[in-house]
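Participant: One structure coming up, written as structure tokens, with questions to follow.
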Amino acid sequence: MKHKCIKLIAVTLLISIVCAVPVLAEPSFYTYNYDYWLVEVPSPDAYRVSSYILGENMECGAFKDPQGLYIRGDLLYICDSGNNRIVVVKALENAKYEVSEIIEGVTIEGEFSPLNYPMDVFVTPENDIYVADTRNGRVLRLDAQRNFVSAINKPEDETFTETAEFLPFKLVVDVAGRVFLQAQNVNKGFMEFDINGDFIGYMGANRVNPSALELIWRALSTRAQRAQQDLFIPTEYSNLAVDEEGFIYATNTSNYADSVRRLNAMGNDILIRNGIEAPMGDLAVGTAAGISGNSKFIDVTALENDCYACFDRTRGRIFVYDFQGNLLYAFAGLGNREGYFTMPTALDHMGMSLFALDSRTGAVTRMDLTDYGKLVNDALLEYKKGHYDNSSELWEQVLKRNGNYDLAYIGIGRAALRQNDYKKAMEYFKLKRNSAQYGKAFQLYRKEWMETNLWWILVIAAVLIATPALYRRIKRVWKEVQES
Amino acid sequence: MTIERFGESLRYALYVITHPFDGFWDLTHEKRGTVAAAHFITLAMIIVNICLETLSNFQFHEVRLERFNVVYVILAIIVPLALWTTAKWGLTTLFDGKGKFAEIYMATAYAFTPYVITTTLAIIISHFLTFEEGIIYTFLTVLGIVWSVGLVIASVMMVHDYSLSKALLACIFTIVGIGIMLFVFTIFFSLISDGIAYFVSLYKELAFRMT
């Protein structure tokens with residue numbers, strides 16, 4: 001009997017070994033990153049859900065189809081679009097929230113004008129509110145006491161035809177009071193309005209880069225086929241956010257354009273893309289659970305430390321990039337569990353905490369940085385400040401928690417390079433295959449090696465050159481001696 | 001065949017790569033080359049290619065070692081060489097070429113001597129270069145390939161006693177011939193597997209009816 005048992009176990013093991021098929025699936029872990037070979041690597045959680053903000057739990061009642069979220073200070077401005085109002089929520093201590101204000105309309109010249117499906121809101125440091133009152137086709141500006149100041153209506157411009165509806169979606173306001181607006185069916189870039197609400201022009205139109213194959217395919221298609229295909233025209237931006245320095249981050253859901261751009265006042269893209277790949281969300285995409293295709297960023301928020309987080313509608317993920325365009329961590333997903341989303345809609349931040357708005361569940365999820373996430377951010381910050389010793393130590397601590405974190409190896413390598421420890425730098429860069437940095441370290445190492453070892457190389461060279469001549473001379477002298 | 005003859009014929013490869021026309025003519029017509037030396041060069045090519053994948057500095061040659069398979073590297077040399085030689089032999093026999101099968105193989109193998117030399121140099125030098133100096137590495141590898149391809153064309157001219165235009169034409173037709181051979185192989189194997197599948201299903205059907 002015992003014998004049989006052992007046999008059975010052995011056979012079972014054998015079968016399990018033979019039949020073990022590697023399963024390629026979407027990552028089932030919450031937080032992950034990509035390595036050099038563009039393979040997902042699980043990582044400790046950098047962000048975890050700390051609380052939810054639900055209309056049901058406050059006196060304002062449930063949110064209906066909320067579309068926009070803006071945070072200034074400790075106030076959250078939630079566009080409760082389905083209820084035609086803006087709810088201002090105050091974040092209190094220990095994850096409590098209370099409604100501080102509800103805006104349902106404005107009084108213009110003594111007449112009350114209700115909001116109609118407002119989709120975005122922006123608050124200036126002076127506490128002025130700009131509301132994209134979408135279905136009324138206007139942008140409202142209210143002062144701190146919520147009195148009507150001015151409105152931006154459909155611009156009288158030749159680029160705007162009479163029949164086209166003016167539906168403002170998303171907006172930001174810069175320090176000079178200029179309004180940058182994305183309206184529906186406007187693909188020439190953001191509409192720019194001056195402080196008086198006059199239309200100035202378009203800014204930062206999307207560039208379209210179709211691949212060579214698509215161009216060939218298009219050239220070979222018939223006219224009827226071509227009409228069916230996607231047009232290679234600039235697409236509309238999906239969202240925008242303004243960062244600490246006043247630059248505008250803009251996101252894009254088209255496959256043919258950059259997923260995220262950072263625009264200066266001229267409308268030029270100045271985003272740094274030094275990562276393995278340009279920031280575009282998921283790098284290895286498959287089809288699973290009926291979801292396929294590239295990530296589609298529908299919102300972006302720029303954190304205070306020059307990192308930025310993008311919200312992906314395809315898979316409900318949040319991607320956080322550093323100022324060089326390296327992916328720090330990606331997390332979350334689609335679903336009905338805690339920390340997952342059903343219809344990702346908007347993303348904003350308060351300090352280092354992220355607030356994600358889900359328009360289907362009508363909930364705002366607050367996610368706070370974990371210790372691991374703090375370490376990563378601290379290490380980045382220390383390096384940027386020039387404290388290489390400190391950053392190296394912090395990266396070491398990151399490695400203790402996550403030995404697969406490429407940026408930590410490269411961070412230690414960079415710190416070692418700055419401290420003239422070329423050998424260590426080379427070792428760390430080689431581990432993560434950073435050719436450019438390795439080259440820099442190796443060049444310095446080679447120079448140092450040559451400087452310390454040049455003397456004996458020269459001695460050997462001199463000996464090698466001198467020996468034959470010397471040998472010949474001795475031979476000649478010896479001959480002469482013998483002959484004489 | 002003695003070891004001296006082998007060594008001499010191998011050393012002759014160095015003469016061939018610098019004096020291609022003279023060299024290839026004498027290689028076959030004066031019996032200066034040996035098949036053993038050609039085998040040796042092919043083997044060297046395989047070893048150099050394996051080293052290229054495993055020993056090069058990672059800055060210039062990226063290999064994912066967990067996906068590296070030495071059998072593919074060997075086949076990537078043996079199969080094209082065999083196809084080339086066979087197709088070339090078949091073609092030139094029809095179009096009054098002079099060379100024998102062994103001679104075609106020998107000349108082709110000898111023509112790849114520069115590739116072996118420059119790739120070896122590139123592997124060694126890759127450990128002393130920085131990323132920015134990678135142009136030297138690229139130059140060496142490209143030089144080896146261009147030089148070898150030039151020699152292959154020269155070998156076709158000399159071995160079969162063709163003019164340049166005829167040699168180029170023969171090379172193009174050889175490539176077409178390789179395509180046809182691969183096509184026939186594929187059809188053959190798919191037919192065989194279909195045939196086996198027919199009998200297997202016939203047997204299954206019968207077994208099902210009988211019981």
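Chain labels A, B, ... are given in the sequence in which chains occur in the structure tokens; within each chain residues are numbered consecutively from 1, and ligands are likewise numbered from 1 in the order shown.
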Compile the contact shell of Tyr438 of chain A as an MDAnalysis selection string: residues with an atom at most 8 Å away, counting only C-alpha atoms, same-chain residues fewer than 5 positions apart removed.

Facilitator: (chainID A and resid 425:426 429:430 433) or (chainID B and resid 59 130:131)

Participant: What does the file look like for those residues with N, CA and C atoms, as a tab-separated table (two decimals), in the first residue's frame?

Facilitator:
```
chain	number	residue	atom	x	y	z
A	425	ALA	N	29.60	51.41	-10.45
A	425	ALA	CA	28.62	51.97	-11.38
A	425	ALA	C	28.44	51.05	-12.58
A	426	MET	N	29.58	50.57	-13.12
A	426	MET	CA	29.52	49.68	-14.29
A	426	MET	C	28.75	48.41	-13.96
A	429	PHE	N	25.00	49.24	-13.78
A	429	PHE	CA	24.42	49.55	-15.09
A	429	PHE	C	24.34	48.30	-15.95
A	430	LYS	N	25.35	47.44	-15.80
A	430	LYS	CA	25.36	46.23	-16.61
A	430	LYS	C	24.21	45.31	-16.20
A	433	ARG	N	21.35	46.64	-17.93
A	433	ARG	CA	21.58	46.86	-19.35
A	433	ARG	C	21.37	48.30	-19.80
B	59	GLN	N	26.67	46.15	-24.47
B	59	GLN	CA	26.36	47.47	-25.02
B	59	GLN	C	26.05	47.41	-26.51
B	130	THR	N	33.38	52.27	-25.49
B	130	THR	CA	32.20	52.81	-24.83
B	130	THR	C	31.06	52.83	-25.83
B	131	PHE	N	29.88	53.11	-25.31
B	131	PHE	CA	28.67	53.10	-26.13
B	131	PHE	C	28.79	54.07	-27.31
```

Participant: Would you write out, as JSON lines, a table of all residues in chain B that have an atom no more than 10 Å from an atom of chain A, listing for each the closest atom pair and the distance in Å to one decimal, considering only C-alpha atoms and ordering rows by chain and rising residue number?

Facilitator:
```
{"residue": "B:Asn57", "atom": "CA", "partner": "A:Lys430", "partner_atom": "CA", "distance": 9.6}
{"residue": "B:Phe58", "atom": "CA", "partner": "A:Arg433", "partner_atom": "CA", "distance": 7.0}
{"residue": "B:Gln59", "atom": "CA", "partner": "A:Ser435", "partner_atom": "CA", "distance": 4.9}
{"residue": "B:Phe60", "atom": "CA", "partner": "A:Ser435", "partner_atom": "CA", "distance": 8.1}
{"residue": "B:Glu62", "atom": "CA", "partner": "A:Arg433", "partner_atom": "CA", "distance": 8.8}
{"residue": "B:Arg64", "atom": "CA", "partner": "A:Trp37", "partner_atom": "CA", "distance": 8.4}
{"residue": "B:His127", "atom": "CA", "partner": "A:Phe442", "partner_atom": "CA", "distance": 9.7}
{"residue": "B:Phe128", "atom": "CA", "partner": "A:Arg446", "partner_atom": "CA", "distance": 8.0}
{"residue": "B:Leu129", "atom": "CA", "partner": "A:Gly439", "partner_atom": "CA", "distance": 7.8}
{"residue": "B:Thr130", "atom": "CA", "partner": "A:Gly439", "partner_atom": "CA", "distance": 4.4}
{"residue": "B:Phe131", "atom": "CA", "partner": "A:Gly439", "partner_atom": "CA", "distance": 4.7}
{"residue": "B:Glu132", "atom": "CA", "partner": "A:Gly439", "partner_atom": "CA", "distance": 7.1}
{"residue": "B:Glu133", "atom": "CA", "partner": "A:Gly439", "partner_atom": "CA", "distance": 8.9}
{"residue": "B:Gly134", "atom": "CA", "partner": "A:Gly439", "partner_atom": "CA", "distance": 9.7}
```

Participant: Report the residues of segment 139-333 of chain A whose backbone DSSP state falls under strand (DSSP E), written as an MDAnalysis selection string.

Facilitator: chainID A and resid 139:142 148:152 168:173 179:183 190:193 199:203 239:242 248:251 260:263 297:302 308:312 318:321 327:331

Participant: Could you please determine the separation between atom CA of Ala76 of chain B and atom CA of Leu43 of chain B in Å, to one decimal place?

Facilitator: 12.5 Å

Participant: Need to verify the contact set: segment 54-60 of chain A, 12 Å, only C-alpha atoms, exclusion of same-chain residues closer than 3 positions in sequence. Can you return it as a VMD selection string?

Facilitator: chain A and resid 51 63 to 66 78 to 80 83 85 to 90 96 to 104 357 to 359 361 to 366

Participant: Just to be explicit: take each residue in the selection above, keep C-alpha atoms, and write the result as an mmCIF file, in the first residue's frame.

Facilitator:
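Result file is out-v9.cif:
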```cif
data_model
loop_
_atom_site.group_PDB
_atom_site.id
_atom_site.type_symbol
_atom_site.label_atom_id
_atom_site.label_comp_id
_atom_site.auth_asym_id
_atom_site.auth_seq_id
_atom_site.Cartn_x
_atom_site.Cartn_y
_atom_site.Cartn_z
ATOM 1 C CA SER A 51 -10.692 55.857 1.792
ATOM 2 C CA PHE A 63 -23.224 61.404 -7.341
ATOM 3 C CA LYS A 64 -24.619 60.688 -10.765
ATOM 4 C CA ASP A 65 -22.251 60.256 -13.685
ATOM 5 C CA PRO A 66 -19.544 62.589 -12.307
ATOM 6 C CA ILE A 78 -16.408 67.206 -7.982
ATOM 7 C CA CYS A 79 -18.437 67.806 -11.136
ATOM 8 C CA ASP A 80 -21.593 65.887 -10.332
ATOM 9 C CA ASN A 83 -27.140 66.058 -11.134
ATOM 10 C CA ARG A 85 -24.107 70.587 -9.933
ATOM 11 C CA ILE A 86 -20.639 70.952 -8.520
ATOM 12 C CA VAL A 87 -20.064 69.528 -5.079
ATOM 13 C CA VAL A 88 -17.185 70.918 -3.047
ATOM 14 C CA VAL A 89 -15.950 68.415 -0.502
ATOM 15 C CA LYS A 90 -13.586 69.262 2.309
ATOM 16 C CA LYS A 96 -13.442 62.062 6.976
ATOM 17 C CA TYR A 97 -15.083 64.230 4.373
ATOM 18 C CA GLU A 98 -17.833 66.799 4.511
ATOM 19 C CA VAL A 99 -19.655 68.820 1.911
ATOM 20 C CA SER A 100 -18.621 72.428 2.224
ATOM 21 C CA GLU A 101 -20.555 73.852 -0.714
ATOM 22 C CA ILE A 102 -22.834 72.887 -3.598
ATOM 23 C CA ILE A 103 -22.939 75.018 -6.753
ATOM 24 C CA GLU A 104 -26.052 74.457 -8.844
ATOM 25 C CA LEU A 357 -12.932 59.391 -9.995
ATOM 26 C CA ASP A 358 -15.053 56.562 -11.331
ATOM 27 C CA SER A 359 -18.084 57.883 -13.188
ATOM 28 C CA THR A 361 -19.855 53.963 -9.454
ATOM 29 C CA GLY A 362 -19.834 57.696 -8.730
ATOM 30 C CA ALA A 363 -17.037 57.255 -6.227
ATOM 31 C CA VAL A 364 -13.770 59.020 -5.610
ATOM 32 C CA THR A 365 -11.048 56.630 -4.450
ATOM 33 C CA ARG A 366 -8.282 58.065 -2.354
#
```

Participant: Need the shell around Thr301 of chain A: protein/DNA/RNA residues with any atom at most 6 Å away, counting only C-alpha atoms. Skip same-chain ones fewer than 3 positions apart. Format as a PyMOL selection string?

Facilitator: chain A and resi 241+308-309+348

Participant: For the selection just defined, write its residues with C-alpha atoms to a file, as a tab-separated table (two decimals), in the first residue's frame.

Facilitator:
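Ended up saving to result_21.tsv:
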```tsv
chain	number	residue	atom	x	y	z
A	241	ALA	CA	-3.61	69.42	-16.32
A	308	TYR	CA	3.05	62.66	-13.20
A	309	ALA	CA	0.33	60.07	-13.01
A	348	ASP	CA	-6.07	64.46	-9.33
```

Participant: Val70 of chain B: which residues within 12 Å, counting only C-alpha atoms, same-chain residues fewer than 5 positions away excluded, as a list of chain:residue names?

Facilitator: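 In the requested format, the answer is B:Ile46, B:Ile47, B:Val48, B:Asn49, B:Ile50, B:Cys51, B:Leu52, B:Glu53, B:Thr54, B:Leu65, B:Leu75, B:Ala76, B:Ile77.
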
Participant: Hey, what's within 9 Å of Phe112 of chain B if we count only C-alpha atoms and toss same-chain stuff fewer than 6 positions away? As an MDAnalysis selection string, please?

Facilitator: chainID B and resid 17 41:42 45 144:145 147:149 151:152

Participant: Just write the chosen residues, N, CA and C atoms, as a PDB file, in the first residue's frame.

Facilitator:
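Below is the file part-v9.pdb, written as the result:
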```pdb
ATOM      1  N   ILE B  17      41.466  35.865 -49.571  1.00  0.00           N
ATOM      2  CA  ILE B  17      40.645  37.031 -49.238  1.00  0.00           C
ATOM      3  C   ILE B  17      41.282  38.333 -49.688  1.00  0.00           C
ATOM      4  N   ILE B  41      36.621  26.202 -41.654  1.00  0.00           N
ATOM      5  CA  ILE B  41      36.144  27.597 -41.688  1.00  0.00           C
ATOM      6  C   ILE B  41      34.661  27.653 -41.305  1.00  0.00           C
ATOM      7  N   THR B  42      33.886  26.677 -41.789  1.00  0.00           N
ATOM      8  CA  THR B  42      32.460  26.632 -41.420  1.00  0.00           C
ATOM      9  C   THR B  42      32.306  26.479 -39.912  1.00  0.00           C
ATOM     10  N   MET B  45      33.086  29.598 -38.222  1.00  0.00           N
ATOM     11  CA  MET B  45      31.983  30.547 -38.370  1.00  0.00           C
ATOM     12  C   MET B  45      30.916  30.275 -37.310  1.00  0.00           C
ATOM     13  N   GLY B 144      32.966  42.954 -42.399  1.00  0.00           N
ATOM     14  CA  GLY B 144      33.087  41.510 -42.564  1.00  0.00           C
ATOM     15  C   GLY B 144      32.047  40.966 -43.516  1.00  0.00           C
ATOM     16  N   ILE B 145      30.813  41.436 -43.371  1.00  0.00           N
ATOM     17  CA  ILE B 145      29.728  40.915 -44.208  1.00  0.00           C
ATOM     18  C   ILE B 145      29.908  41.368 -45.655  1.00  0.00           C
ATOM     19  N   TRP B 147      32.609  42.364 -47.219  1.00  0.00           N
ATOM     20  CA  TRP B 147      33.786  41.718 -47.785  1.00  0.00           C
ATOM     21  C   TRP B 147      33.445  40.268 -48.184  1.00  0.00           C
ATOM     22  N   SER B 148      32.776  39.561 -47.308  1.00  0.00           N
ATOM     23  CA  SER B 148      32.455  38.166 -47.587  1.00  0.00           C
ATOM     24  C   SER B 148      31.504  38.029 -48.767  1.00  0.00           C
ATOM     25  N   VAL B 149      30.523  38.919 -48.828  1.00  0.00           N
ATOM     26  CA  VAL B 149      29.578  38.839 -49.950  1.00  0.00           C
ATOM     27  C   VAL B 149      30.305  39.109 -51.264  1.00  0.00           C
ATOM     28  N   LEU B 151      33.378  38.445 -51.849  1.00  0.00           N
ATOM     29  CA  LEU B 151      34.169  37.245 -52.148  1.00  0.00           C
ATOM     30  C   LEU B 151      33.298  36.137 -52.723  1.00  0.00           C
ATOM     31  N   VAL B 152      32.066  36.026 -52.211  1.00  0.00           N
ATOM     32  CA  VAL B 152      31.178  34.985 -52.729  1.00  0.00           C
ATOM     33  C   VAL B 152      30.947  35.210 -54.216  1.00  0.00           C
TER      34      VAL B 152
END
```

Participant: I'd like the neighbourhood of Gly23 of chain B as a PyMOL selection string, where a residue qualifies if any of its atoms comes within 10 Å (using only C-alpha atoms), though same-chain residues fewer than 2 positions away should be ignored.

Facilitator: chain B and resi 12-21+25-30+32-33+107+154-155+158

Participant: Would you put the residues from that selection into a file with N, CA and C atoms, as a PDB file, in the first residue's frame?

Facilitator:
```pdb
ATOM      1  N   TYR B  12      46.087  29.280 -47.021  1.00  0.00           N
ATOM      2  CA  TYR B  12      45.782  29.812 -48.347  1.00  0.00           C
ATOM      3  C   TYR B  12      44.536  30.710 -48.310  1.00  0.00           C
ATOM      4  N   ALA B  13      43.654  30.456 -47.332  1.00  0.00           N
ATOM      5  CA  ALA B  13      42.443  31.277 -47.194  1.00  0.00           C
ATOM      6  C   ALA B  13      42.810  32.746 -47.034  1.00  0.00           C
ATOM      7  N   LEU B  14      43.918  33.022 -46.324  1.00  0.00           N
ATOM      8  CA  LEU B  14      44.337  34.405 -46.116  1.00  0.00           C
ATOM      9  C   LEU B  14      44.786  35.034 -47.432  1.00  0.00           C
ATOM     10  N   TYR B  15      45.348  34.203 -48.321  1.00  0.00           N
ATOM     11  CA  TYR B  15      45.740  34.714 -49.635  1.00  0.00           C
ATOM     12  C   TYR B  15      44.490  34.989 -50.470  1.00  0.00           C
ATOM     13  N   VAL B  16      43.513  34.084 -50.353  1.00  0.00           N
ATOM     14  CA  VAL B  16      42.288  34.201 -51.156  1.00  0.00           C
ATOM     15  C   VAL B  16      41.555  35.507 -50.857  1.00  0.00           C
ATOM     16  N   ILE B  17      41.466  35.865 -49.571  1.00  0.00           N
ATOM     17  CA  ILE B  17      40.645  37.031 -49.238  1.00  0.00           C
ATOM     18  C   ILE B  17      41.282  38.333 -49.688  1.00  0.00           C
ATOM     19  N   THR B  18      42.599  38.321 -49.917  1.00  0.00           N
ATOM     20  CA  THR B  18      43.227  39.555 -50.393  1.00  0.00           C
ATOM     21  C   THR B  18      43.412  39.554 -51.911  1.00  0.00           C
ATOM     22  N   HIS B  19      43.484  38.366 -52.497  1.00  0.00           N
ATOM     23  CA  HIS B  19      43.599  38.275 -53.960  1.00  0.00           C
ATOM     24  C   HIS B  19      42.462  37.401 -54.465  1.00  0.00           C
ATOM     25  N   PRO B  20      41.224  37.898 -54.468  1.00  0.00           N
ATOM     26  CA  PRO B  20      40.083  37.009 -54.705  1.00  0.00           C
ATOM     27  C   PRO B  20      40.111  36.285 -56.057  1.00  0.00           C
ATOM     28  N   PHE B  21      40.397  37.009 -57.144  1.00  0.00           N
ATOM     29  CA  PHE B  21      40.264  36.375 -58.469  1.00  0.00           C
ATOM     30  C   PHE B  21      41.326  35.315 -58.662  1.00  0.00           C
ATOM     31  N   TRP B  25      40.639  31.143 -58.375  1.00  0.00           N
ATOM     32  CA  TRP B  25      40.982  30.352 -59.563  1.00  0.00           C
ATOM     33  C   TRP B  25      41.893  29.197 -59.157  1.00  0.00           C
ATOM     34  N   ASP B  26      42.935  29.557 -58.418  1.00  0.00           N
ATOM     35  CA  ASP B  26      43.896  28.537 -58.011  1.00  0.00           C
ATOM     36  C   ASP B  26      43.297  27.573 -56.986  1.00  0.00           C
ATOM     37  N   LEU B  27      42.352  28.080 -56.213  1.00  0.00           N
ATOM     38  CA  LEU B  27      41.737  27.265 -55.164  1.00  0.00           C
ATOM     39  C   LEU B  27      41.196  25.965 -55.733  1.00  0.00           C
ATOM     40  N   THR B  28      40.499  26.075 -56.870  1.00  0.00           N
ATOM     41  CA  THR B  28      39.901  24.878 -57.453  1.00  0.00           C
ATOM     42  C   THR B  28      40.737  24.308 -58.582  1.00  0.00           C
ATOM     43  N   HIS B  29      41.254  25.215 -59.438  1.00  0.00           N
ATOM     44  CA  HIS B  29      41.949  24.713 -60.623  1.00  0.00           C
ATOM     45  C   HIS B  29      43.339  24.197 -60.302  1.00  0.00           C
ATOM     46  N   GLU B  30      43.984  24.783 -59.315  1.00  0.00           N
ATOM     47  CA  GLU B  30      45.329  24.328 -58.944  1.00  0.00           C
ATOM     48  C   GLU B  30      45.295  23.464 -57.696  1.00  0.00           C
ATOM     49  N   ARG B  32      44.591  24.139 -54.636  1.00  0.00           N
ATOM     50  CA  ARG B  32      45.279  24.712 -53.478  1.00  0.00           C
ATOM     51  C   ARG B  32      44.435  24.598 -52.203  1.00  0.00           C
ATOM     52  N   GLY B  33      43.108  24.477 -52.378  1.00  0.00           N
ATOM     53  CA  GLY B  33      42.245  24.386 -51.198  1.00  0.00           C
ATOM     54  C   GLY B  33      41.844  22.951 -50.921  1.00  0.00           C
ATOM     55  N   ALA B 107      34.641  26.897 -52.081  1.00  0.00           N
ATOM     56  CA  ALA B 107      34.815  28.316 -52.408  1.00  0.00           C
ATOM     57  C   ALA B 107      33.926  29.178 -51.521  1.00  0.00           C
ATOM     58  N   ALA B 154      32.890  36.842 -56.276  1.00  0.00           N
ATOM     59  CA  ALA B 154      34.149  36.537 -56.963  1.00  0.00           C
ATOM     60  C   ALA B 154      34.317  35.030 -57.116  1.00  0.00           C
ATOM     61  N   SER B 155      33.935  34.278 -56.083  1.00  0.00           N
ATOM     62  CA  SER B 155      34.097  32.823 -56.141  1.00  0.00           C
ATOM     63  C   SER B 155      33.197  32.219 -57.212  1.00  0.00           C
ATOM     64  N   MET B 158      34.903  32.769 -60.570  1.00  0.00           N
ATOM     65  CA  MET B 158      36.102  31.978 -60.821  1.00  0.00           C
ATOM     66  C   MET B 158      35.797  30.483 -60.915  1.00  0.00           C
TER      67      MET B 158
END
```

Participant: What does the structure give for the distance between atom CA of Ser353 of chain A and atom CA of Tyr77 of chain A, in Å to one decimal?

Facilitator: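 Rounded to one decimal, the two atoms are 15.6 Å apart.
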
Participant: Give me, please, the distance in Å between atom CA of Lys374 of chain A and atom CA of Ala46 of chain A, quoted to one decimal.

Facilitator: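 Computing it gives 7.8 Å between the two atoms.
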
Participant: Given the choices A:Leu394, A:Cys310, A:Leu399, A:Ile291, which gets closest to Thr253 of chain A if the distance is worked out from only C-alpha atoms?

Facilitator: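 The answer is A:Cys310, which sits nearest to Thr253 of chain A.
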
Participant: Among segment 122-232 of chain A, which ones does DSSP assign to helix (DSSP H, G or I) (computed from the backbone)? Answer as an mmCIF file with N, CA, C and O atoms, in the first residue's frame.

Facilitator:
```
data_model
loop_
_atom_site.group_PDB
_atom_site.id
_atom_site.type_symbol
_atom_site.label_atom_id
_atom_site.label_comp_id
_atom_site.auth_asym_id
_atom_site.auth_seq_id
_atom_site.Cartn_x
_atom_site.Cartn_y
_atom_site.Cartn_z
ATOM 1 N N THR A 134 -20.937 72.271 -19.833
ATOM 2 C CA THR A 134 -20.856 71.683 -21.170
ATOM 3 C C THR A 134 -22.132 71.864 -21.985
ATOM 4 O O THR A 134 -22.099 72.418 -23.081
ATOM 5 N N ARG A 135 -23.260 71.415 -21.465
ATOM 6 C CA ARG A 135 -24.459 71.404 -22.325
ATOM 7 C C ARG A 135 -25.089 72.784 -22.469
ATOM 8 O O ARG A 135 -25.983 72.972 -23.275
ATOM 9 N N ASN A 136 -24.633 73.753 -21.678
ATOM 10 C CA ASN A 136 -25.038 75.134 -21.924
ATOM 11 C C ASN A 136 -24.089 75.810 -22.907
ATOM 12 O O ASN A 136 -24.296 76.967 -23.265
ATOM 13 N N ALA A 212 4.873 53.202 -41.043
ATOM 14 C CA ALA A 212 5.133 53.026 -42.469
ATOM 15 C C ALA A 212 4.168 52.008 -43.068
ATOM 16 O O ALA A 212 3.640 52.192 -44.165
ATOM 17 N N LEU A 213 3.912 50.948 -42.317
ATOM 18 C CA LEU A 213 3.032 49.880 -42.806
ATOM 19 C C LEU A 213 1.634 50.426 -43.072
ATOM 20 O O LEU A 213 0.999 50.111 -44.082
ATOM 21 N N GLU A 214 1.171 51.287 -42.147
ATOM 22 C CA GLU A 214 -0.168 51.845 -42.317
ATOM 23 C C GLU A 214 -0.230 52.740 -43.554
ATOM 24 O O GLU A 214 -1.230 52.748 -44.270
ATOM 25 N N LEU A 215 0.867 53.470 -43.799
ATOM 26 C CA LEU A 215 0.894 54.343 -44.973
ATOM 27 C C LEU A 215 0.870 53.521 -46.255
ATOM 28 O O LEU A 215 0.174 53.855 -47.211
ATOM 29 N N ILE A 216 1.636 52.407 -46.263
ATOM 30 C CA ILE A 216 1.662 51.544 -47.444
ATOM 31 C C ILE A 216 0.276 50.939 -47.658
ATOM 32 O O ILE A 216 -0.261 50.941 -48.766
ATOM 33 N N TRP A 217 -0.289 50.435 -46.567
ATOM 34 C CA TRP A 217 -1.608 49.814 -46.626
ATOM 35 C C TRP A 217 -2.631 50.792 -47.196
ATOM 36 O O TRP A 217 -3.478 50.449 -48.018
ATOM 37 N N ARG A 218 -2.502 52.034 -46.771
ATOM 38 C CA ARG A 218 -3.434 53.059 -47.212
ATOM 39 C C ARG A 218 -3.252 53.357 -48.692
ATOM 40 O O ARG A 218 -4.226 53.540 -49.425
ATOM 41 N N ALA A 219 -1.990 53.390 -49.107
ATOM 42 C CA ALA A 219 -1.714 53.684 -50.505
ATOM 43 C C ALA A 219 -2.266 52.587 -51.410
ATOM 44 O O ALA A 219 -2.648 52.839 -52.553
ATOM 45 N N LEU A 220 -2.312 51.362 -50.902
ATOM 46 C CA LEU A 220 -2.776 50.239 -51.710
ATOM 47 C C LEU A 220 -4.298 50.082 -51.669
ATOM 48 O O LEU A 220 -4.862 49.325 -52.451
ATOM 49 N N ARG A 223 -10.441 53.674 -53.004
ATOM 50 C CA ARG A 223 -11.051 54.865 -52.429
ATOM 51 C C ARG A 223 -12.131 54.492 -51.408
ATOM 52 O O ARG A 223 -12.228 55.092 -50.341
ATOM 53 N N ALA A 224 -12.913 53.462 -51.745
ATOM 54 C CA ALA A 224 -14.001 53.058 -50.850
ATOM 55 C C ALA A 224 -13.446 52.499 -49.541
ATOM 56 O O ALA A 224 -13.954 52.780 -48.458
ATOM 57 N N GLN A 225 -12.358 51.709 -49.669
ATOM 58 C CA GLN A 225 -11.731 51.143 -48.463
ATOM 59 C C GLN A 225 -11.172 52.261 -47.587
ATOM 60 O O GLN A 225 -11.277 52.234 -46.378
ATOM 61 N N ARG A 226 -10.555 53.241 -48.275
ATOM 62 C CA ARG A 226 -9.917 54.329 -47.538
ATOM 63 C C ARG A 226 -10.944 55.100 -46.713
ATOM 64 O O ARG A 226 -10.676 55.559 -45.621
ATOM 65 N N ALA A 227 -12.129 55.223 -47.260
ATOM 66 C CA ALA A 227 -13.188 55.954 -46.552
ATOM 67 C C ALA A 227 -13.583 55.245 -45.260
ATOM 68 O O ALA A 227 -14.032 55.865 -44.309
ATOM 69 N N GLN A 228 -13.374 53.926 -45.257
ATOM 70 C CA GLN A 228 -13.748 53.152 -44.077
ATOM 71 C C GLN A 228 -12.682 53.209 -42.985
ATOM 72 O O GLN A 228 -12.966 52.917 -41.833
#
```
